[in-house]
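Just target-v1.txt here, compact mmCIF, C-alpha atoms:
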```txt
# COMPACT_ATOMS: atom_id res chain seq x y z
CA MET A 1390 -94.24 -23.03 59.16
CA SER A 1391 -93.78 -25.05 56.02
CA HIS A 1392 -90.42 -25.34 54.15
CA PRO A 1393 -89.85 -25.92 50.45
CA SER A 1394 -88.88 -29.44 49.54
CA ARG A 1395 -85.31 -30.36 48.47
CA ARG A 1396 -86.51 -30.91 44.88
CA SER A 1397 -88.04 -27.40 44.70
CA ARG A 1398 -84.80 -25.89 46.02
CA LEU A 1399 -82.81 -27.69 43.31
CA ARG A 1400 -85.29 -26.50 40.67
CA THR A 1401 -84.78 -22.91 41.88
CA PHE A 1402 -80.98 -23.04 41.38
CA ALA A 1403 -81.25 -24.80 38.00
CA VAL A 1404 -83.38 -22.10 36.39
CA PRO A 1405 -81.28 -18.94 35.77
CA SER A 1406 -82.67 -15.52 36.27
CA ALA A 1407 -83.40 -13.25 33.27
CA ALA A 1408 -80.26 -11.20 33.93
CA ALA A 1409 -78.07 -14.29 34.13
CA ALA A 1410 -79.58 -15.62 30.91
CA ALA A 1411 -78.75 -12.35 29.15
CA VAL A 1412 -75.13 -12.49 30.34
CA LEU A 1413 -74.84 -16.12 29.24
CA ALA A 1414 -76.27 -15.32 25.81
CA ALA A 1415 -73.90 -12.39 25.39
CA GLY A 1416 -70.96 -14.60 26.28
CA LEU A 1417 -71.97 -17.18 23.72
CA GLY A 1418 -72.35 -14.44 21.12
CA VAL A 1419 -68.78 -13.20 21.70
CA GLY A 1420 -67.46 -16.69 21.42
CA ALA A 1421 -69.30 -17.22 18.15
CA ALA A 1422 -67.90 -13.99 16.76
CA LEU A 1423 -64.33 -15.11 17.54
CA ASP A 1424 -64.81 -18.54 16.03
CA THR A 1425 -66.84 -17.70 12.93
CA GLY A 1426 -65.11 -14.59 11.54
CA PRO A 1427 -65.10 -13.76 7.82
CA ALA A 1428 -63.46 -16.35 5.60
CA GLY A 1429 -59.78 -15.60 4.97
CA ALA A 1430 -59.47 -12.99 7.76
CA THR A 1431 -55.99 -12.80 9.36
CA ALA A 1432 -55.68 -12.12 13.05
CA ALA A 1433 -53.28 -9.35 14.11
CA PRO A 1434 -49.88 -10.66 15.30
CA ALA A 1435 -49.62 -11.15 19.01
CA SER A 1436 -47.69 -8.57 21.00
CA GLY A 1437 -43.98 -9.45 21.12
CA SER A 1438 -44.08 -11.74 18.07
CA ALA A 1439 -41.19 -11.78 15.57
CA PRO A 1440 -41.38 -9.37 12.59
CA LYS A 1441 -41.45 -10.58 9.02
CA ALA A 1442 -38.19 -11.34 7.24
CA PRO A 1443 -36.65 -8.38 5.37
CA GLU A 1444 -37.49 -8.35 1.67
CA LYS A 1445 -35.66 -7.44 -1.54
CA PRO A 1446 -32.07 -7.69 -0.23
CA ARG A 1447 -29.46 -6.26 -2.60
CA ALA A 1448 -25.66 -6.32 -2.34
CA VAL A 1449 -23.51 -3.87 -4.32
CA SER A 1450 -19.77 -4.23 -4.89
CA GLY A 1451 -17.49 -1.27 -4.20
CA THR A 1452 -13.78 -0.57 -4.37
CA HIS A 1453 -13.47 -0.46 -0.56
CA ALA A 1454 -16.54 -2.33 0.74
CA ASN A 1455 -19.74 -4.20 -0.09
CA THR A 1456 -23.03 -2.42 0.64
CA VAL A 1457 -26.18 -4.42 1.51
CA THR A 1458 -29.67 -2.87 1.47
CA TRP A 1459 -33.18 -4.28 1.97
CA THR A 1460 -36.82 -3.27 2.52
CA ALA A 1461 -37.61 -2.29 6.11
CA SER A 1462 -39.74 -4.72 8.16
CA SER A 1463 -42.69 -3.44 10.19
CA GLY A 1464 -42.02 -3.73 13.92
CA ALA A 1465 -38.28 -4.26 13.54
CA ARG A 1466 -36.12 -2.66 16.23
CA LYS A 1467 -32.85 -3.62 14.53
CA TYR A 1468 -31.43 -5.87 11.82
CA ASP A 1469 -28.77 -8.55 12.20
CA VAL A 1470 -26.62 -9.05 9.11
CA TYR A 1471 -25.06 -12.43 8.38
CA ARG A 1472 -22.31 -13.24 5.91
CA ALA A 1473 -20.89 -16.40 4.35
CA GLU A 1474 -17.79 -16.79 2.20
CA ASP A 1475 -18.48 -18.88 -0.89
CA ASP A 1476 -20.56 -21.84 0.36
CA GLY A 1477 -19.48 -21.60 4.01
CA ALA A 1478 -21.58 -21.15 7.14
CA PHE A 1479 -23.29 -17.84 7.92
CA THR A 1480 -21.99 -15.78 10.82
CA ARG A 1481 -23.33 -12.49 12.14
CA VAL A 1482 -21.10 -9.59 11.10
CA GLY A 1483 -23.09 -6.62 12.35
CA SER A 1484 -26.34 -5.08 13.62
CA VAL A 1485 -27.91 -1.86 12.34
CA THR A 1486 -31.13 0.06 12.95
CA ALA A 1487 -31.54 1.26 9.35
CA PRO A 1488 -32.06 -1.08 6.34
CA LYS A 1489 -28.47 -0.67 5.11
CA TYR A 1490 -25.13 -2.22 6.04
CA THR A 1491 -21.64 -1.42 4.73
CA ASP A 1492 -19.17 -4.29 5.03
CA GLY A 1493 -15.58 -3.11 4.76
CA ARG A 1494 -14.07 -6.19 6.39
CA VAL A 1495 -13.93 -8.26 3.21
CA VAL A 1496 -11.08 -9.63 1.13
CA PRO A 1497 -10.89 -7.98 -2.31
CA ASP A 1498 -12.37 -9.91 -5.23
CA VAL A 1499 -13.75 -12.73 -3.03
CA PRO A 1500 -17.50 -13.45 -3.40
CA TYR A 1501 -19.63 -13.17 -0.25
CA THR A 1502 -23.27 -14.06 0.41
CA TYR A 1503 -25.42 -11.97 2.76
CA LYS A 1504 -28.68 -12.63 4.64
CA VAL A 1505 -30.55 -10.40 7.08
CA LYS A 1506 -32.85 -11.00 10.06
CA ALA A 1507 -35.23 -8.42 11.53
CA VAL A 1508 -35.37 -8.30 15.35
CA GLY A 1509 -38.49 -7.04 17.13
CA SER A 1510 -38.86 -5.12 20.39
CA ALA A 1511 -39.24 -8.35 22.36
CA GLY A 1512 -35.96 -9.64 20.99
CA LYS A 1513 -37.53 -12.20 18.69
CA ALA A 1514 -35.87 -12.53 15.26
CA SER A 1515 -37.49 -13.13 11.91
CA PRO A 1516 -36.44 -15.87 9.53
CA TYR A 1517 -33.54 -15.14 7.17
CA SER A 1518 -34.14 -12.91 4.19
CA ALA A 1519 -33.32 -14.13 0.72
CA ALA A 1520 -29.61 -14.18 -0.17
CA ALA A 1521 -27.70 -11.35 -1.87
CA ARG A 1522 -24.17 -11.70 -3.24
CA ALA A 1523 -21.31 -9.30 -3.90
CA ALA A 1524 -17.51 -9.24 -4.19
CA ARG A 1525 -15.42 -6.20 -3.35
CA ASP A 1526 -14.18 -5.05 -6.76
CA THR A 1527 -10.64 -3.67 -6.99
CA ILE A 1528 -9.91 -4.54 -10.63
CA ALA A 1529 -9.89 -1.52 -12.92
CA PRO A 1530 -11.44 -1.81 -16.38
CA LEU A 1531 -9.32 -1.72 -19.51
CA PRO A 1532 -8.80 1.74 -21.00
CA PRO A 1533 -10.89 2.80 -24.00
CA ALA A 1534 -9.55 1.58 -27.34
CA ASN A 1535 -9.07 3.49 -30.59
CA LEU A 1536 -9.78 6.94 -29.17
CA THR A 1537 -9.98 9.33 -32.13
CA VAL A 1538 -11.22 12.75 -33.15
CA VAL A 1539 -13.99 12.22 -35.73
CA PRO A 1540 -12.58 13.92 -38.85
CA SER A 1541 -15.74 14.32 -40.95
CA ASP A 1542 -18.09 15.52 -38.22
CA ASP A 1543 -20.08 18.67 -39.12
CA GLY A 1544 -21.42 19.43 -35.64
CA PRO A 1545 -20.20 22.13 -33.25
CA GLY A 1546 -16.94 21.69 -31.41
CA THR A 1547 -14.92 18.49 -31.58
CA ALA A 1548 -16.44 15.00 -31.71
CA LEU A 1549 -14.63 12.08 -30.06
CA ALA A 1550 -15.27 8.37 -30.45
CA TRP A 1551 -13.71 5.20 -28.99
CA ARG A 1552 -14.36 1.53 -28.42
CA ASP A 1553 -15.68 0.19 -25.13
CA GLY A 1554 -13.36 -0.78 -22.31
CA THR A 1555 -14.00 -3.96 -20.30
CA ASP A 1556 -16.71 -3.55 -17.61
CA ALA A 1557 -16.97 0.20 -18.22
CA VAL A 1558 -20.25 1.93 -17.28
CA ALA A 1559 -19.05 5.52 -17.77
CA TYR A 1560 -16.13 7.53 -19.14
CA THR A 1561 -14.34 10.67 -17.95
CA VAL A 1562 -13.01 13.02 -20.65
CA TYR A 1563 -10.04 15.38 -20.25
CA ARG A 1564 -8.50 17.97 -22.58
CA SER A 1565 -5.15 19.69 -22.86
CA THR A 1566 -3.19 21.66 -25.43
CA SER A 1567 -0.12 19.48 -24.89
CA PRO A 1568 0.54 15.75 -24.46
CA GLN A 1569 2.33 16.63 -21.23
CA GLY A 1570 -0.73 18.37 -19.77
CA PRO A 1571 -1.94 19.69 -17.45
CA LEU A 1572 -5.26 18.13 -18.29
CA LYS A 1573 -8.67 19.60 -17.54
CA LYS A 1574 -11.76 17.48 -16.96
CA ILE A 1575 -14.39 18.60 -19.46
CA GLY A 1576 -17.17 16.06 -18.98
CA THR A 1577 -18.38 12.49 -18.66
CA SER A 1578 -20.21 10.11 -20.97
CA THR A 1579 -22.11 6.85 -20.61
CA THR A 1580 -21.64 6.06 -24.30
CA THR A 1581 -18.53 5.62 -26.44
CA SER A 1582 -18.63 9.17 -27.79
CA PHE A 1583 -18.36 12.74 -26.56
CA ARG A 1584 -18.69 16.22 -28.09
CA ASP A 1585 -16.45 19.02 -26.83
CA THR A 1586 -18.34 22.23 -27.57
CA GLY A 1587 -15.71 24.30 -25.77
CA ALA A 1588 -12.84 23.07 -27.90
CA PRO A 1589 -9.80 25.32 -28.48
CA ALA A 1590 -9.38 27.30 -31.67
CA PRO A 1591 -8.31 25.37 -34.78
CA ASP A 1592 -4.81 26.82 -34.54
CA ARG A 1593 -4.47 25.27 -31.05
CA PRO A 1594 -5.80 21.74 -31.46
CA GLY A 1595 -6.65 19.96 -28.23
CA VAL A 1596 -5.22 16.70 -26.98
CA TYR A 1597 -7.87 14.46 -25.39
CA TRP A 1598 -7.66 11.76 -22.76
CA VAL A 1599 -10.46 9.37 -21.73
CA LYS A 1600 -10.65 7.07 -18.70
CA ALA A 1601 -13.12 4.19 -18.26
CA VAL A 1602 -14.98 3.79 -14.95
CA ASP A 1603 -16.67 0.55 -13.81
CA ALA A 1604 -19.73 0.09 -11.59
CA ALA A 1605 -17.61 -0.12 -8.44
CA GLY A 1606 -15.84 3.15 -9.21
CA ASN A 1607 -12.52 1.70 -10.37
CA THR A 1608 -10.82 3.87 -13.01
CA SER A 1609 -8.74 2.67 -15.93
CA GLU A 1610 -5.54 4.07 -17.33
CA ALA A 1611 -6.15 6.93 -19.76
CA ALA A 1612 -6.29 6.60 -23.52
CA THR A 1613 -5.19 9.66 -25.48
CA THR A 1614 -5.48 11.14 -28.95
CA GLY A 1615 -1.96 12.60 -28.69
CA ARG A 1616 1.34 10.84 -29.13
CA ALA A 1617 3.08 10.11 -25.88
CA PRO A 1618 6.23 12.23 -25.48
CA GLU A 1619 9.56 10.59 -26.07
CA PRO A 1620 11.82 10.21 -23.04
CA THR A 1621 14.38 12.94 -22.66
CA ARG A 1622 17.92 11.68 -23.20
CA PRO A 1623 20.94 13.76 -22.19
CA PRO A 1624 23.67 14.13 -24.84
CA THR A 1625 26.32 11.46 -24.83
CA GLN A 1626 30.02 12.26 -24.55
CA SER A 1627 32.72 10.62 -26.59
CA PRO A 1628 34.72 8.27 -24.40
CA GLY A 1629 38.40 8.98 -23.81
CA PRO A 1630 41.09 6.69 -25.14
CA THR A 1631 41.29 4.76 -21.88
CA GLN A 1632 37.62 4.92 -20.84
CA PRO A 1633 35.04 2.34 -21.91
CA PRO A 1634 31.87 3.75 -23.50
CA THR A 1635 29.08 4.43 -21.05
CA THR A 1636 25.31 4.67 -21.52
CA PRO A 1637 23.78 7.67 -19.73
CA PRO A 1638 20.64 7.07 -17.66
CA THR A 1639 17.30 7.71 -19.28
CA THR A 1640 15.08 10.37 -17.75
CA PRO A 1641 11.40 9.55 -18.33
CA ALA A 1642 9.06 12.30 -19.43
CA PRO A 1643 6.76 13.62 -16.71
CA SER A 1644 3.28 12.13 -16.56
CA PRO A 1645 0.39 14.51 -17.23
CA THR A 1646 -1.56 15.81 -14.26
CA PHE A 1647 -5.30 15.13 -14.30
CA GLY A 1648 -7.39 17.95 -12.90
CA ASP A 1649 -11.08 18.00 -12.02
CA GLY A 1650 -11.58 21.70 -12.58
```

What would the structure in this file look like if it were written as structure tokens?
Amino acid sequence: MSHPSRRSRLRTFAVPSAAAAAVLAAGLGVGAALDTGPAGATAAPASGSAPKAPEKPRAVSGTHANTVTWTASSGARKYDVYRAEDDGAFTRVGSVTAPKYTDGRVVPDVPYTYKVKAVGSAGKASPYSAAARAARDTIAPLPPANLTVVPSDDGPGTALAWRDGTDAVAYTVYRSTSPQGPLKKIGTSTTTSFRDTGAPAPDRPGVYWVKAVDAAGNTSEAATTGRAPEPTRPPTQSPGPTQPPTTPPTTPAPSPTFGDG
């Protein structure tokens, strides 16, 4: 019986079958599709990769704390918040799951800088966000100046006007029928004027008080259209022939009570 030569056996293994050729061609086609995708196409991030850095960070000053907010990052499991005092080094001060952090452990009126990192499910952290700055604000604005009732106004009720207080963003208006109060809150204004359409009758003119409020919520002392009451002084007694003259103590007038009703 004859046997195929060694050369013919080699030729048999070198020539692939039709099925093998189809598999090989399909494999090459997949490879070409991976390598020659559309220009500018971006591959999806690998599983477990770090999320993008949080965007649009914003820090707001308050009377008791600073509040930091930012845009949520896709794939973030939590956010690590970092803080630096002035130009110092950043240290982590907290972790939250929502895109908001309230920092009450700050010294009043000291500027702080905040940055945020997003942390993914695999524990990988994003780069820092941009910086946001805030200082806990405990300084009240100055009270409104030159608070007056507009004498020539023809509109309904009573018109008030005043000059701006320092850093004021809003004003709270109170009314009473006496400089000693009690005072009733009748409205707010974001301008330096207010109209009281529920003013008392002309025979009972109202006394008005206005407080300035800044962006952090600090409230100024009140300015008033009424004259502050004079301190009450008890009557003095004539000294006896052997007693030196004495000055009785002064009793201050009570401060008005501000109500929110």

To one decimal place in Å, what is the distance between CA of Thr1566 in chain A and CA of Asn1535 in chain A?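 CA of Asn1535 in chain A lies 19.8 Å from CA of Thr1566 in chain A.
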
Residue contacts of Ala1611 in chain A (6 Å, all atoms listed in the file) excluding same-chain residues fewer than 5 positions away, as a short mmCIF file (atom, residue, chain, number, x, y, z; two decimals) with C-alpha atoms, in the coordinates of the input:
```
data_model
loop_
_atom_site.label_atom_id
_atom_site.label_comp_id
_atom_site.auth_asym_id
_atom_site.auth_seq_id
_atom_site.Cartn_x
_atom_site.Cartn_y
_atom_site.Cartn_z
CA PRO A 1532 -8.80 1.74 -21.00
CA TRP A 1598 -7.66 11.76 -22.76
CA VAL A 1599 -10.46 9.37 -21.73
CA LYS A 1600 -10.65 7.07 -18.70
#
```

Leaving out Thr1458 in chain A and any residue of its chain fewer than 3 positions from it, which residues lie within 10 Å of it when counting all atoms listed in the file, given as JSON, numbers by chain? {"A": [1443, 1444, 1445, 1446, 1447, 1448, 1449, 1461, 1487, 1488, 1489, 1490, 1491, 1505, 1521]}

Using all atoms listed in the file, find each residue in range 1489-1541 of chain A having at least one atom no more than 12 Å away from range 1580-1595 of chain A; report its shortest atom-to-atom pair and that distance in Å (one decimal), rows by chain then rising number, as JSON lines.
```
{"residue": "A:Pro1532", "atom": "CA", "partner": "A:Thr1581", "partner_atom": "CA", "distance": 11.8}
{"residue": "A:Pro1533", "atom": "CA", "partner": "A:Thr1581", "partner_atom": "CA", "distance": 8.5}
{"residue": "A:Ala1534", "atom": "CA", "partner": "A:Thr1581", "partner_atom": "CA", "distance": 9.9}
{"residue": "A:Asn1535", "atom": "CA", "partner": "A:Thr1581", "partner_atom": "CA", "distance": 10.5}
{"residue": "A:Leu1536", "atom": "CA", "partner": "A:Ser1582", "partner_atom": "CA", "distance": 9.2}
{"residue": "A:Thr1537", "atom": "CA", "partner": "A:Ser1582", "partner_atom": "CA", "distance": 9.7}
{"residue": "A:Val1538", "atom": "CA", "partner": "A:Arg1584", "partner_atom": "CA", "distance": 9.7}
{"residue": "A:Val1539", "atom": "CA", "partner": "A:Ser1582", "partner_atom": "CA", "distance": 9.7}
```

Go through A:Ala1514, A:Gly1464, A:Ser1565, A:Thr1614 and flag the residue nearest Ala1548 in chain A, using all atoms listed in the file for the distances.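 Smallest distance to Ala1548 in chain A is found for A:Thr1614.
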
Looking at A:Ser1462, A:Tyr1597, A:Arg1525, A:Val1508, which one is nearest to Trp1551 in chain A, with distances taken over all atoms listed in the file?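 Closest to Trp1551 in chain A, using all atoms listed in the file: A:Tyr1597.
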
Hey, can you check how far CA of Val1482 in chain A sits from CA of Ala1524 in chain A?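 Between these atoms lies a distance of 15.7 Å.
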
Can you work out which one of A:Val1485, A:Ile1575, A:Ala1605, A:Leu1531 has the shortest atom-to-atom distance to Asn1455 in chain A, counting only C-alpha atoms?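 For Asn1455 in chain A, the nearest of the candidates is A:Ala1605.
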